[in-house]
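Single-structure report; data block below.
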Amino acid sequence: MIRSLIAPNKAASGPADPASAACNRSNQTTLFQLLRYPDAEAATGGRASLPGSLLSAFCFLLSLPAYAVQHFPPPDFTTGHKLPVTATPPPRAEWLAYMDIGVLIAALMLATYFVLWKRNRRAIGGLSIFSLAYFGFYRHGCVCSIGAIQNVAQSIADPNIVLPVVAGAFFLLPLIFALFGGRVFCAAVCPLGAAQDIVLMKPSKAPDWLAQCLGVLPWIYLGAAVMYAAIGSAYIICRYDPFVAFFRFGGSVPMLVFGGGMLVLSMFVGRAYCRFLCPYGALLRLVSPLAKWKVTVTPDECVQCRLCEDACPFGEIRYPTPRDGGISRTEGKSRLAALILLLPVFIGMGAGLGYLASDKLAQVDPAVSLAKRVWLEDHGKVKGTTLETDAVRKHDTPKEEVYLQSLAIGKKYRYGSLALGGWIGLVIGLRLIGLSIRRRRSDYEADSAGCVACGRCYLSCPVERFRHGDAEAIKILEEYRA
Amino acid sequence: MSNDQDNKISRRQLIINGGWFVGLIGLGGVFGWIFGNSEKRMVWQIDPNKCIQCGKCALECVISPSASKCVHAHAMCGYCKLCLGFFMPTPNELNEGAENQQCPMGAIKRTYVEDPYYEYVIDEKLCIGCAVCVKGCTAFGNGSLFMQIRHDRCINCNECAIAKSCPSQAISRVPADKPYLLKNKEQNA
């Protein structure tokens, strides 16, 4: 009966239409009347109260598809009323995006100049404060080179995904600069590095074994981020960015706690995120040993005073190899050979474990967890519904579609987690191999992969200070040369 | 002995130099590939036809108040006297009293146009994106109120927090030169 009430309104072209007006007059109170002329009913002495009528209208409307019908035709105003225009403020201007790239290039060039030519810690610190202000607080920490890894990974894996030029530039430029001057990006351009570097007050040295173990984490994080981004489920680097919540002056409680914890930790452990988590740092580690010009602690001869070793808060000063240190050469060689032979075993074990964990890893994907929930609800395994499953039912999405999508993504996860597991095995194996390769060094020098070019060692090196005419440095030099 | 050591260093240097050129060519290749493939800038937007008005936009957006707000396509509006986007389902009276209004912020301005039509205008500064009015309008009215991400507020995160938490996956990237998915076709063009 209610459906017959609404029918004339659907047919009506407007309230001025005489047919619909007649219909309104002759018929009982229609829904149309009720909403547009709510007082008319009371005026004509209708018995039904307003709330009561509304309740029946409510019940009726719940049975309608949510969007589809223009219940009430837009009016033709007799007074010539003009409709307000819906404002559509444009997004951030395109030239501003190119300005970001320009600022990035300028900052990288300045950082290279300060690190390699000026060798000036103060200038590096000043530039990092600027980067924190611009890329951090002004740009809300987004887009950043670390997160851009995911854009690149996803657009390589899925040809339908377009890689934004800005993300591509942010991914590439620091790597290209690293080919020339090492990790100058870390030194003074990355806002996350700057935030940690500025709060560093009382650095304590992490024991070597711990630093080596934790040093594997960035590679694992990189692998996981690439996998999740390539499948298109999540950008985990962005989701677990420690400082982005500060840059935006707001965020979820867990993220603020994580970020705050990272900041406090960085006061005592130099650049904890950069060294033990940052996946972009892992990429820069690969590139910076190839750099044309590297950070050298001393501008001239090394007097072996070991002051730089104390000055480096990140434990990246490598000492000269002792003439007769550690294990014998044959023993070292056989250990290396054994590790190289074991590498495929590590990779195989990792791949196997990864494959077993693929279902768990896939739960991160919203489509997979949705399909699981729909299945559980439909088979009475769980009570109640979620907003997500309600949405599926509301839009009448076929269940098969939901399940098929989940299966397709699940298949990607089997390959992805297999590769991720193998990657983790490879990373651990290579780290062990790296530990058993010995290099000959005659001076104290910065590790070309790990050095973030902060310039603290320049301040400590007496040869460098002597160059700047520091009287105290002469005394130190004489002491060591004697 | 020293000669041998010199040879070793130069071999190492050779490997490094080779790696440098491989790295440069590799990065150059990626550079060319990126700028060959990337075209349009993309921004986040809500598809109003997929939106289920759950109100998560107001809670999950990384900026506060949310970048997602209610907009009004006036050309679709029925100008109803009793608008259930504006009024509570059982209002005490049909006036602008706070107790009668759906909007918790009083962000909808209701003005008389001509009998029996009333105009509803969103004051966007006050809107927090809770979608209560959108729910009322979509369920009972023409659906002329709907949610849109406002690009004067959106900071275009790499991973949009509301897109990831949207129960109906209504939020996706759209080209920046057509940044809105408005409901009526005239304004969308």
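Ordering of the structure tokens sets the chain letters (A, B, ...), residue numbers begin anew at 1 in every chain, and ligands are numbered from 1 in the order given.
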**Prompt:** Once you count only C-alpha atoms, which residues of chain B turn out to be within 6 Å of chain A? Could you give them as an MDAnalysis selection string?
**Reply:** chainID B and resid 16 20 38 41 62 77:78 80:82 90 139 141:142 151:152 167:168
Let's have the selection written as a CSV table (one decimal), in the first residue's frame, with N, CA, C and O atoms.
chain,number,residue,atom,x,y,z
B,16,ILE,N,84.9,-0.9,-7.6
B,16,ILE,CA,84.1,0.3,-7.2
B,16,ILE,C,83.7,1.2,-8.4
B,16,ILE,O,82.6,1.6,-8.6
B,20,TRP,N,80.1,2.0,-9.8
B,20,TRP,CA,79.6,3.4,-9.9
B,20,TRP,C,78.9,3.6,-11.3
B,20,TRP,O,77.8,4.1,-11.3
B,38,SER,N,55.2,8.5,-15.8
B,38,SER,CA,54.3,9.2,-14.9
B,38,SER,C,53.7,10.3,-15.7
B,38,SER,O,54.3,11.0,-16.6
B,41,ARG,N,49.1,14.1,-12.1
B,41,ARG,CA,49.1,14.1,-10.6
B,41,ARG,C,47.8,13.5,-10.1
B,41,ARG,O,46.7,13.8,-10.8
B,62,VAL,N,44.1,12.2,9.1
B,62,VAL,CA,45.3,12.6,9.9
B,62,VAL,C,45.3,14.1,10.3
B,62,VAL,O,46.0,14.5,11.2
B,77,CYS,N,18.8,19.3,-4.8
B,77,CYS,CA,18.1,19.4,-3.6
B,77,CYS,C,16.6,19.6,-3.8
B,77,CYS,O,16.2,20.3,-4.8
B,78,GLY,N,15.8,19.0,-3.0
B,78,GLY,CA,14.4,19.2,-3.1
B,78,GLY,C,13.8,20.4,-2.4
B,78,GLY,O,12.7,20.7,-2.4
B,80,CYS,N,13.2,20.7,0.7
B,80,CYS,CA,12.1,20.3,1.6
B,80,CYS,C,12.0,21.2,2.8
B,80,CYS,O,13.0,21.7,3.3
B,81,LYS,N,10.8,21.4,3.3
B,81,LYS,CA,10.6,22.1,4.5
B,81,LYS,C,11.1,21.2,5.7
B,81,LYS,O,11.8,21.7,6.6
B,82,LEU,N,10.8,19.9,5.6
B,82,LEU,CA,11.3,19.0,6.6
B,82,LEU,C,12.4,18.2,6.0
B,82,LEU,O,12.2,17.2,5.4
B,90,THR,N,12.6,12.9,14.7
B,90,THR,CA,11.4,13.3,15.4
B,90,THR,C,11.7,14.7,16.1
B,90,THR,O,11.9,14.7,17.3
B,139,ALA,N,19.2,8.7,2.9
B,139,ALA,CA,18.2,7.7,3.2
B,139,ALA,C,16.8,8.2,2.9
B,139,ALA,O,15.9,7.4,2.4
B,141,GLY,N,16.0,11.6,1.5
B,141,GLY,CA,15.9,12.7,0.6
B,141,GLY,C,16.5,12.3,-0.8
B,141,GLY,O,16.5,11.2,-1.2
B,142,ASN,N,16.9,13.4,-1.5
B,142,ASN,CA,17.4,13.2,-2.8
B,142,ASN,C,18.9,12.8,-2.8
B,142,ASN,O,19.4,12.5,-3.9
B,151,HIS,N,40.0,19.8,-1.1
B,151,HIS,CA,41.4,19.9,-1.5
B,151,HIS,C,42.1,21.1,-0.9
B,151,HIS,O,43.3,21.2,-1.0
B,152,ASP,N,41.3,22.0,-0.3
B,152,ASP,CA,42.0,23.1,0.4
B,152,ASP,C,42.5,22.6,1.7
B,152,ASP,O,43.4,23.3,2.4
B,167,PRO,N,35.1,1.5,5.1
B,167,PRO,CA,34.5,0.2,5.1
B,167,PRO,C,34.0,-0.2,3.7
B,167,PRO,O,34.0,-1.4,3.4
B,168,SER,N,33.7,0.8,2.9
B,168,SER,CA,33.2,0.4,1.5
B,168,SER,C,34.2,0.7,0.5
B,168,SER,O,33.8,0.6,-0.7
Quick one: pick out all alpha helix (DSSP H) residues within region 21-186 of chain B from a backbone DSSP run and write them as a short mmCIF file (atom, residue, chain, number, x, y, z; two decimals) with C-alpha atoms, in the first residue's frame.
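Output (result_19.cif):
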data_model
loop_
_atom_site.label_atom_id
_atom_site.label_comp_id
_atom_site.auth_asym_id
_atom_site.auth_seq_id
_atom_site.Cartn_x
_atom_site.Cartn_y
_atom_site.Cartn_z
CA PHE B 21 78.97 3.31 -13.64
CA VAL B 22 76.50 0.45 -13.32
CA GLY B 23 74.73 2.40 -10.58
CA LEU B 24 74.68 5.60 -12.61
CA ILE B 25 73.34 3.86 -15.70
CA GLY B 26 70.82 1.93 -13.60
CA LEU B 27 69.54 5.03 -11.83
CA GLY B 28 69.51 6.91 -15.13
CA GLY B 29 67.40 4.13 -16.60
CA VAL B 30 64.96 4.26 -13.70
CA PHE B 31 64.89 8.05 -14.05
CA GLY B 32 63.98 7.82 -17.71
CA TRP B 33 61.42 5.15 -17.00
CA ILE B 34 59.76 7.20 -14.27
CA PHE B 35 59.47 10.34 -16.33
CA GLY B 36 58.36 8.36 -19.34
CA ASN B 37 55.57 6.69 -17.41
CA LYS B 56 34.89 7.24 9.91
CA CYS B 57 36.18 10.16 7.81
CA ALA B 58 35.73 12.43 10.80
CA LEU B 59 37.79 10.11 13.00
CA GLU B 60 40.51 8.63 10.81
CA VAL B 132 25.15 12.46 9.96
CA CYS B 133 23.35 14.87 7.61
CA VAL B 134 24.53 12.90 4.57
CA LYS B 135 23.04 9.76 6.04
CA GLY B 136 19.70 11.48 6.62
CA CYS B 137 19.61 13.06 3.15
CA THR B 138 20.69 9.87 1.38
CA ALA B 139 18.18 7.66 3.18
CA PHE B 140 15.16 9.97 3.14
CA ALA B 161 44.28 7.09 6.36
CA ILE B 162 40.56 7.38 5.63
CA ALA B 163 40.93 5.53 2.34
CA LYS B 164 42.52 2.63 4.20
CA SER B 165 39.87 2.56 6.92
CA LYS B 185 26.60 15.81 -13.80
CA GLU B 186 26.49 19.52 -14.65
#
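The environment of Val43 (chain B) within 8 Å, counting only C-alpha atoms and disregarding residues fewer than 3 places along the same chain, consists of Pro91 of chain A; Asn156, Arg173, Val174, Pro175, Ala176 and Pro179 of chain B.
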**Message:** Could you tell me how far CA of Lys183 (chain B) sits from CA of Ile46 (chain B), in Å to one decimal place?
**Reply:**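 That distance, rounded to one decimal, is 10.9 Å.
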**Request:** Could you give me the residues within region 15-163 of chain B that DSSP places in strand (DSSP E or B), as a PyMOL selection string?
**Result:** chain B and resi 42-46+68-72+87+101+108-114+117-122+145-149
Would you mind exporting N, CA, C and O atoms of the selected residues as a compact mmCIF listing (two decimals), in the first residue's frame?
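Full text of result-v4.txt as output:
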# COMPACT_ATOMS: atom_id res chain seq x y z
N MET B 42 47.80 12.80 -9.04
CA MET B 42 46.58 12.20 -8.53
C MET B 42 46.29 12.74 -7.13
O MET B 42 47.20 13.05 -6.38
N VAL B 43 45.01 12.85 -6.82
CA VAL B 43 44.60 13.26 -5.48
C VAL B 43 43.51 12.30 -5.00
O VAL B 43 42.91 11.59 -5.79
N TRP B 44 43.29 12.28 -3.70
CA TRP B 44 42.29 11.36 -3.12
C TRP B 44 40.89 11.96 -3.25
O TRP B 44 40.72 13.17 -3.12
N GLN B 45 39.92 11.10 -3.51
CA GLN B 45 38.54 11.56 -3.51
C GLN B 45 37.58 10.42 -3.16
O GLN B 45 37.89 9.25 -3.37
N ILE B 46 36.42 10.83 -2.60
CA ILE B 46 35.39 9.87 -2.21
C ILE B 46 34.41 9.70 -3.37
O ILE B 46 33.96 10.69 -3.94
N SER B 68 37.73 15.59 4.91
CA SER B 68 36.52 15.14 4.25
C SER B 68 35.33 15.84 4.88
O SER B 68 35.14 15.78 6.09
N LYS B 69 34.56 16.54 4.04
CA LYS B 69 33.45 17.31 4.57
C LYS B 69 32.22 17.09 3.71
O LYS B 69 32.29 16.54 2.62
N CYS B 70 31.08 17.58 4.25
CA CYS B 70 29.83 17.46 3.52
C CYS B 70 29.73 18.60 2.51
O CYS B 70 30.02 19.75 2.84
N VAL B 71 29.34 18.26 1.28
CA VAL B 71 29.05 19.31 0.30
C VAL B 71 27.61 19.15 -0.16
O VAL B 71 27.00 18.08 -0.02
N HIS B 72 27.06 20.21 -0.73
CA HIS B 72 25.67 20.20 -1.13
C HIS B 72 25.56 20.51 -2.62
O HIS B 72 26.00 21.56 -3.07
N PHE B 87 16.99 18.05 10.09
CA PHE B 87 16.24 17.82 11.33
C PHE B 87 16.46 16.42 11.87
O PHE B 87 16.70 15.48 11.11
N GLN B 101 18.26 19.82 15.45
CA GLN B 101 19.19 19.65 14.33
C GLN B 101 19.97 18.35 14.41
O GLN B 101 20.38 17.92 15.49
N ILE B 108 24.81 23.59 9.26
CA ILE B 108 23.88 23.75 8.13
C ILE B 108 22.99 24.96 8.41
O ILE B 108 22.36 25.04 9.47
N LYS B 109 23.00 25.90 7.47
CA LYS B 109 22.15 27.09 7.60
C LYS B 109 20.88 26.86 6.80
O LYS B 109 20.93 26.53 5.61
N ARG B 110 19.72 27.02 7.46
CA ARG B 110 18.43 26.80 6.80
C ARG B 110 17.76 28.14 6.62
O ARG B 110 17.54 28.86 7.59
N THR B 111 17.48 28.50 5.36
CA THR B 111 16.82 29.80 5.12
C THR B 111 15.59 29.60 4.27
O THR B 111 15.55 28.74 3.38
N TYR B 112 14.58 30.40 4.53
CA TYR B 112 13.32 30.35 3.79
C TYR B 112 13.53 30.97 2.42
O TYR B 112 14.10 32.05 2.29
N VAL B 113 13.06 30.28 1.37
CA VAL B 113 13.15 30.84 0.02
C VAL B 113 11.78 31.32 -0.43
O VAL B 113 11.55 32.50 -0.64
N GLU B 114 10.87 30.39 -0.59
CA GLU B 114 9.48 30.70 -0.91
C GLU B 114 8.66 29.50 -0.50
O GLU B 114 9.20 28.39 -0.40
N TYR B 117 9.49 26.13 0.18
CA TYR B 117 10.87 25.72 -0.02
C TYR B 117 11.84 26.40 0.96
O TYR B 117 11.74 27.59 1.22
N TYR B 118 12.76 25.59 1.40
CA TYR B 118 13.82 26.09 2.28
C TYR B 118 15.17 25.71 1.69
O TYR B 118 15.32 24.63 1.13
N GLU B 119 16.12 26.59 1.84
CA GLU B 119 17.45 26.31 1.31
C GLU B 119 18.39 25.90 2.44
O GLU B 119 18.35 26.48 3.53
N TYR B 120 19.23 24.91 2.14
CA TYR B 120 20.18 24.42 3.14
C TYR B 120 21.59 24.64 2.63
O TYR B 120 21.96 24.14 1.56
N VAL B 121 22.38 25.41 3.36
CA VAL B 121 23.74 25.73 2.93
C VAL B 121 24.71 25.26 4.01
O VAL B 121 24.48 25.49 5.20
N ILE B 122 25.77 24.57 3.58
CA ILE B 122 26.76 24.05 4.54
C ILE B 122 27.78 25.15 4.84
O ILE B 122 28.37 25.72 3.91
N LEU B 145 23.10 15.93 -0.39
CA LEU B 145 24.23 16.11 0.52
C LEU B 145 25.12 14.89 0.38
O LEU B 145 24.62 13.76 0.41
N PHE B 146 26.42 15.09 0.22
CA PHE B 146 27.33 13.95 0.15
C PHE B 146 28.72 14.36 0.60
O PHE B 146 29.03 15.54 0.72
N MET B 147 29.53 13.34 0.85
CA MET B 147 30.87 13.59 1.37
C MET B 147 31.86 13.80 0.22
O MET B 147 31.81 13.11 -0.79
N GLN B 148 32.75 14.77 0.39
CA GLN B 148 33.84 14.98 -0.55
C GLN B 148 35.09 15.37 0.23
O GLN B 148 34.99 16.03 1.26
N ILE B 149 36.24 14.96 -0.29
CA ILE B 149 37.50 15.41 0.30
C ILE B 149 37.77 16.81 -0.23
O ILE B 149 37.76 17.03 -1.44
**Prompt:** With distances taken over only C-alpha atoms, which of A:Val452, A:Leu361, A:Leu339, A:Val303 is nearest to Ile317 (chain A)?
**Reply:**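 Selected residue with least distance to Ile317 (chain A): A:Val452.
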**Request:** Tell me, in Å to one decimal, how far CA of Ser144 (chain B) is from CA of Met76 (chain B).
**Result:** 5.2 Å
**Request:** For CA of Ile129 (chain A) and CA of Ala194 (chain A), determine how far apart the two atoms are, in Å to one decimal place.
**Result:**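 Distance between the two atoms: 6.7 Å.
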